[in-house]
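Novice: After the C-alpha cells below, expect a handful of questions from me.
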Amino acid sequence: MLQKRKTEIHAIGQHISMSADKARRVIDQIRGRSYGETLIILELMSYRACYPILKLVYSAAANASYNLDSKETNLIITKAEVYESTTVKKLKPRARGRSYPIKRSTCHIVIVVKDISLSEFIERDYLAR
C-alpha cells in the first residue's frame with residue numbers, strides 16, 4: 001500500500017507593508033527556481049520588496065530542514081504567491097483646514113518549497129504497524 005508523503009513546506013508573511021504589485025514583480029522572478037539560485041537573485045536585485053521575500057525564503061528553508069530533515073541544496077520554490085491585504089488609511093493635514101487621504105497598502109506573501117530528493121509516496125506494510 002502506498003501512502004502519500006509530505007514533501008512541501010511553506011512560509012507565510014502577513015501584512016507586509018508594500019503594494020502587492022511591487023512584490024509580484026520580484027516573486028515572478030524566483031518562482032520555479034532552486035533555493036541557491038533564488039538567494040543569488042534576491043541579493044542582487046535592487047528592489048525594496050526583495051528583503052521581506054528573502055526573509056520568507058530563509059524561513060521556508062529552515063522549516064523544510066526542521067520538519068523534513070532536508071538539505072537546502074535539494075529545495076525548489078514550487079509556489080510563490082502574493083495576495084492583497086488590508087489598506088491602512090490615514091489623513092494628512094493640508095492647508096486651510098483640509099485633509100488629504102493617504103492609503104498604505106499591505107500584502108500577504110506565501111512561499112512553498114519542495115524537496116526534490118524525497119519520493120512522493122512511501123510504501124506501508126499493514127502487518128508491520
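If you're wondering about the labels, chains in the C-alpha cells are A, B, ... by order shown, residues count from 1 in each chain, ligands from 1 in order shown.
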Would you list, as a ChimeraX atom specification, the residues of chain A that end up in helix (DSSP H, G or I) under DSSP run on this structure's backbone?
Specialist: /A:20-30,35-44,50-67,72-74,95-97
Novice: If we count only C-alpha atoms, what is near segment 88-96 of chain A at a cut-off of 10 Å, once residues fewer than 4 positions away on the same chain are taken out, given as a short mmCIF file (atom, residue, chain, number, x, y, z; two decimals) with N, CA, C and O atoms, in the first residue's frame?
Specialist:
data_model
loop_
_atom_site.label_atom_id
_atom_site.label_comp_id
_atom_site.auth_asym_id
_atom_site.auth_seq_id
_atom_site.Cartn_x
_atom_site.Cartn_y
_atom_site.Cartn_z
N SER A 17 4.19 45.56 4.58
CA SER A 17 3.83 46.93 4.21
C SER A 17 4.43 47.31 2.85
O SER A 17 5.42 48.03 2.77
N TYR A 100 -5.98 65.35 3.48
CA TYR A 100 -5.67 64.58 2.28
C TYR A 100 -5.51 63.11 2.67
O TYR A 100 -4.74 62.80 3.57
N PRO A 101 -6.24 62.20 2.03
CA PRO A 101 -6.14 60.79 2.44
C PRO A 101 -4.84 60.14 1.94
O PRO A 101 -4.40 60.36 0.82
N ILE A 102 -4.25 59.33 2.82
CA ILE A 102 -3.08 58.54 2.48
C ILE A 102 -3.47 57.07 2.64
O ILE A 102 -3.97 56.67 3.68
N LYS A 103 -3.22 56.28 1.60
CA LYS A 103 -3.56 54.85 1.64
C LYS A 103 -2.27 54.05 1.58
O LYS A 103 -1.52 54.13 0.62
N ARG A 104 -2.01 53.27 2.64
CA ARG A 104 -0.84 52.38 2.69
C ARG A 104 -1.32 50.96 2.46
O ARG A 104 -1.99 50.39 3.32
N SER A 105 -0.99 50.38 1.35
CA SER A 105 -1.46 49.03 1.07
C SER A 105 -0.50 48.00 1.66
O SER A 105 0.70 48.25 1.78
N THR A 106 -1.04 46.85 2.05
CA THR A 106 -0.24 45.76 2.58
C THR A 106 -0.55 44.50 1.78
O THR A 106 -1.52 44.46 1.01
#
Novice: Step one, run DSSP on the backbone; step two, keep only residues of chain A assigned to strand (DSSP E or B); then write them as an NGL selection string.
Specialist: :A and (2-4 or 8-16 or 34 or 75-93 or 99-115 or 121-123)
Novice: Would you compute the distance between atom CA of Ala49 of chain A and atom CA of Lys79 of chain A? Give it in Å to one decimal.
Specialist: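 Between atom CA of Ala49 of chain A and atom CA of Lys79 of chain A the gap works out to 17.3 Å.
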Novice: Between atom CA of Gln14 of chain A and atom CA of Leu118 of chain A, measure the distance and give it in Å to one decimal.
Specialist: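 Separation of atom CA of Gln14 of chain A and atom CA of Leu118 of chain A: 29.0 Å.
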Novice: Which one is closest to Gln29 of chain A: A:Ile77, A:Val110, A:Ala60, A:Tyr83? Count only C-alpha atoms.
Specialist: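 For Gln29 of chain A, the nearest of the candidates is A:Ile77.
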Novice: Residues near Val113 of chain A, anyone? I mean within 8 Å using only C-alpha atoms, not counting same-chain ones fewer than 5 positions away, as a list of chain:residue names.
Specialist: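 Once the nearby chain positions are removed, what remains is A:Glu8, A:Ile9, A:His10, A:Ala60, A:Ala61, A:Ala64, A:Leu75, A:Ile76, A:Ile77, A:Thr78, A:Lys79.
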Novice: In Å, with one decimal, what is the gap from atom CA of Arg25 of chain A to atom CA of Thr7 of chain A?
Specialist: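 For atom CA of Arg25 of chain A relative to atom CA of Thr7 of chain A, the distance reads 27.0 Å.
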Novice: Do a neighbour search on segment 35-46 of chain A at 12 Å with only C-alpha atoms, toss out local chain neighbours closer than 3 positions, and write the hits as a PDB file with N, CA and C atoms, in the first residue's frame.
Specialist:
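Saved result, out-v3.pdb, follows:
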ATOM      1  N   ALA A  23       5.497  43.589  -4.983  1.00  0.00           N
ATOM      2  CA  ALA A  23       6.003  42.303  -4.533  1.00  0.00           C
ATOM      3  C   ALA A  23       5.897  41.252  -5.636  1.00  0.00           C
ATOM      4  N   ARG A  25       6.327  41.692  -8.761  1.00  0.00           N
ATOM      5  CA  ARG A  25       7.411  41.920  -9.717  1.00  0.00           C
ATOM      6  C   ARG A  25       8.645  41.102  -9.344  1.00  0.00           C
ATOM      7  N   VAL A  26       8.896  40.945  -8.051  1.00  0.00           N
ATOM      8  CA  VAL A  26      10.037  40.165  -7.584  1.00  0.00           C
ATOM      9  C   VAL A  26       9.693  38.680  -7.525  1.00  0.00           C
ATOM     10  N   ILE A  27       8.492  38.350  -7.074  1.00  0.00           N
ATOM     11  CA  ILE A  27       8.068  36.959  -6.924  1.00  0.00           C
ATOM     12  C   ILE A  27       8.079  36.229  -8.269  1.00  0.00           C
ATOM     13  N   ASP A  28       7.719  36.939  -9.342  1.00  0.00           N
ATOM     14  CA  ASP A  28       7.704  36.310 -10.661  1.00  0.00           C
ATOM     15  C   ASP A  28       9.100  35.882 -11.106  1.00  0.00           C
ATOM     16  N   GLN A  29      10.128  36.504 -10.581  1.00  0.00           N
ATOM     17  CA  GLN A  29      11.499  36.158 -10.958  1.00  0.00           C
ATOM     18  C   GLN A  29      11.994  34.894 -10.261  1.00  0.00           C
ATOM     19  N   ILE A  30      11.455  34.564  -9.090  1.00  0.00           N
ATOM     20  CA  ILE A  30      12.003  33.436  -8.323  1.00  0.00           C
ATOM     21  C   ILE A  30      11.149  32.187  -8.400  1.00  0.00           C
ATOM     22  N   ARG A  31       9.966  32.260  -8.954  1.00  0.00           N
ATOM     23  CA  ARG A  31       9.072  31.104  -8.985  1.00  0.00           C
ATOM     24  C   ARG A  31       9.667  30.004  -9.863  1.00  0.00           C
ATOM     25  N   GLY A  32       9.768  28.786  -9.309  1.00  0.00           N
ATOM     26  CA  GLY A  32      10.263  27.641 -10.050  1.00  0.00           C
ATOM     27  C   GLY A  32      11.771  27.463 -10.022  1.00  0.00           C
ATOM     28  N   ALA A  49      11.252  45.261  -2.225  1.00  0.00           N
ATOM     29  CA  ALA A  49      10.475  44.054  -1.913  1.00  0.00           C
ATOM     30  C   ALA A  49      11.357  42.835  -1.707  1.00  0.00           C
ATOM     31  N   CYS A  50      12.617  42.910  -2.080  1.00  0.00           N
ATOM     32  CA  CYS A  50      13.493  41.731  -2.001  1.00  0.00           C
ATOM     33  C   CYS A  50      13.780  41.317  -0.560  1.00  0.00           C
ATOM     34  N   TYR A  51      13.911  42.265   0.346  1.00  0.00           N
ATOM     35  CA  TYR A  51      14.291  41.917   1.716  1.00  0.00           C
ATOM     36  C   TYR A  51      13.232  41.077   2.435  1.00  0.00           C
ATOM     37  N   PRO A  52      11.937  41.463   2.458  1.00  0.00           N
ATOM     38  CA  PRO A  52      10.957  40.595   3.119  1.00  0.00           C
ATOM     39  C   PRO A  52      10.785  39.249   2.422  1.00  0.00           C
ATOM     40  N   ILE A  53      10.936  39.213   1.100  1.00  0.00           N
ATOM     41  CA  ILE A  53      10.834  37.946   0.381  1.00  0.00           C
ATOM     42  C   ILE A  53      12.028  37.064   0.708  1.00  0.00           C
ATOM     43  N   LEU A  54      13.213  37.659   0.835  1.00  0.00           N
ATOM     44  CA  LEU A  54      14.412  36.907   1.205  1.00  0.00           C
ATOM     45  C   LEU A  54      14.264  36.296   2.594  1.00  0.00           C
ATOM     46  N   LYS A  55      13.680  37.057   3.518  1.00  0.00           N
ATOM     47  CA  LYS A  55      13.440  36.521   4.859  1.00  0.00           C
ATOM     48  C   LYS A  55      12.462  35.347   4.822  1.00  0.00           C
ATOM     49  N   LEU A  56      11.451  35.420   3.955  1.00  0.00           N
ATOM     50  CA  LEU A  56      10.491  34.324   3.844  1.00  0.00           C
ATOM     51  C   LEU A  56      11.117  33.082   3.213  1.00  0.00           C
ATOM     52  N   VAL A  57      12.007  33.276   2.248  1.00  0.00           N
ATOM     53  CA  VAL A  57      12.678  32.134   1.629  1.00  0.00           C
ATOM     54  C   VAL A  57      13.583  31.450   2.651  1.00  0.00           C
ATOM     55  N   TYR A  58      14.308  32.253   3.447  1.00  0.00           N
ATOM     56  CA  TYR A  58      15.122  31.683   4.529  1.00  0.00           C
ATOM     57  C   TYR A  58      14.258  30.910   5.522  1.00  0.00           C
ATOM     58  N   SER A  59      13.084  31.459   5.857  1.00  0.00           N
ATOM     59  CA  SER A  59      12.183  30.816   6.809  1.00  0.00           C
ATOM     60  C   SER A  59      11.632  29.507   6.247  1.00  0.00           C
ATOM     61  N   ALA A  60      11.282  29.500   4.966  1.00  0.00           N
ATOM     62  CA  ALA A  60      10.770  28.273   4.350  1.00  0.00           C
ATOM     63  C   ALA A  60      11.851  27.192   4.313  1.00  0.00           C
ATOM     64  N   ALA A  61      13.100  27.584   4.060  1.00  0.00           N
ATOM     65  CA  ALA A  61      14.195  26.608   4.051  1.00  0.00           C
ATOM     66  C   ALA A  61      14.453  26.068   5.455  1.00  0.00           C
ATOM     67  N   ALA A  62      14.350  26.934   6.462  1.00  0.00           N
ATOM     68  CA  ALA A  62      14.526  26.486   7.838  1.00  0.00           C
ATOM     69  C   ALA A  62      13.399  25.545   8.248  1.00  0.00           C
ATOM     70  N   ALA A  64      11.767  23.583   6.208  1.00  0.00           N
ATOM     71  CA  ALA A  64      11.984  22.323   5.495  1.00  0.00           C
ATOM     72  C   ALA A  64      13.095  21.502   6.140  1.00  0.00           C
ATOM     73  N   LYS A  71      18.113  18.867   2.952  1.00  0.00           N
ATOM     74  CA  LYS A  71      19.213  19.800   2.735  1.00  0.00           C
ATOM     75  C   LYS A  71      18.744  20.948   1.862  1.00  0.00           C
ATOM     76  N   GLU A  72      19.402  22.084   2.031  1.00  0.00           N
ATOM     77  CA  GLU A  72      18.985  23.271   1.277  1.00  0.00           C
ATOM     78  C   GLU A  72      19.302  23.154  -0.209  1.00  0.00           C
ATOM     79  N   THR A  73      20.238  22.300  -0.569  1.00  0.00           N
ATOM     80  CA  THR A  73      20.584  22.148  -1.984  1.00  0.00           C
ATOM     81  C   THR A  73      19.503  21.406  -2.763  1.00  0.00           C
ATOM     82  N   ASN A  74      18.619  20.692  -2.074  1.00  0.00           N
ATOM     83  CA  ASN A  74      17.567  19.921  -2.742  1.00  0.00           C
ATOM     84  C   ASN A  74      16.242  20.670  -2.824  1.00  0.00           C
ATOM     85  N   LEU A  75      16.196  21.921  -2.396  1.00  0.00           N
ATOM     86  CA  LEU A  75      14.925  22.648  -2.340  1.00  0.00           C
ATOM     87  C   LEU A  75      14.674  23.428  -3.629  1.00  0.00           C
ATOM     88  N   ILE A  76      13.399  23.450  -4.026  1.00  0.00           N
ATOM     89  CA  ILE A  76      12.952  24.221  -5.187  1.00  0.00           C
ATOM     90  C   ILE A  76      11.733  25.024  -4.766  1.00  0.00           C
ATOM     91  N   ILE A  77      11.652  26.263  -5.218  1.00  0.00           N
ATOM     92  CA  ILE A  77      10.481  27.100  -4.948  1.00  0.00           C
ATOM     93  C   ILE A  77       9.378  26.652  -5.908  1.00  0.00           C
ATOM     94  N   THR A  78       8.390  25.932  -5.412  1.00  0.00           N
ATOM     95  CA  THR A  78       7.334  25.431  -6.292  1.00  0.00           C
ATOM     96  C   THR A  78       6.197  26.425  -6.441  1.00  0.00           C
ATOM     97  N   ALA A  80       4.936  30.472  -5.315  1.00  0.00           N
ATOM     98  CA  ALA A  80       5.180  31.761  -4.679  1.00  0.00           C
ATOM     99  C   ALA A  80       4.034  32.676  -5.092  1.00  0.00           C
ATOM    100  N   ILE A 111       5.316  31.451   0.323  1.00  0.00           N
ATOM    101  CA  ILE A 111       6.402  30.770  -0.367  1.00  0.00           C
ATOM    102  C   ILE A 111       6.308  29.282  -0.028  1.00  0.00           C
ATOM    103  N   VAL A 112       6.239  28.424  -1.043  1.00  0.00           N
ATOM    104  CA  VAL A 112       6.177  26.975  -0.840  1.00  0.00           C
ATOM    105  C   VAL A 112       7.421  26.366  -1.475  1.00  0.00           C
ATOM    106  N   VAL A 113       8.171  25.587  -0.680  1.00  0.00           N
ATOM    107  CA  VAL A 113       9.361  24.906  -1.184  1.00  0.00           C
ATOM    108  C   VAL A 113       9.118  23.403  -1.169  1.00  0.00           C
ATOM    109  N   LYS A 114       9.752  22.722  -2.116  1.00  0.00           N
ATOM    110  CA  LYS A 114       9.603  21.269  -2.231  1.00  0.00           C
ATOM    111  C   LYS A 114      10.979  20.637  -2.247  1.00  0.00           C
ATOM    112  N   ASP A 115      11.099  19.526  -1.541  1.00  0.00           N
ATOM    113  CA  ASP A 115      12.350  18.776  -1.532  1.00  0.00           C
ATOM    114  C   ASP A 115      12.298  17.756  -2.669  1.00  0.00           C
ATOM    115  N   ILE A 116      13.198  17.895  -3.647  1.00  0.00           N
ATOM    116  CA  ILE A 116      13.146  17.022  -4.813  1.00  0.00           C
ATOM    117  C   ILE A 116      13.809  15.678  -4.555  1.00  0.00           C
TER     118      ILE A 116
END
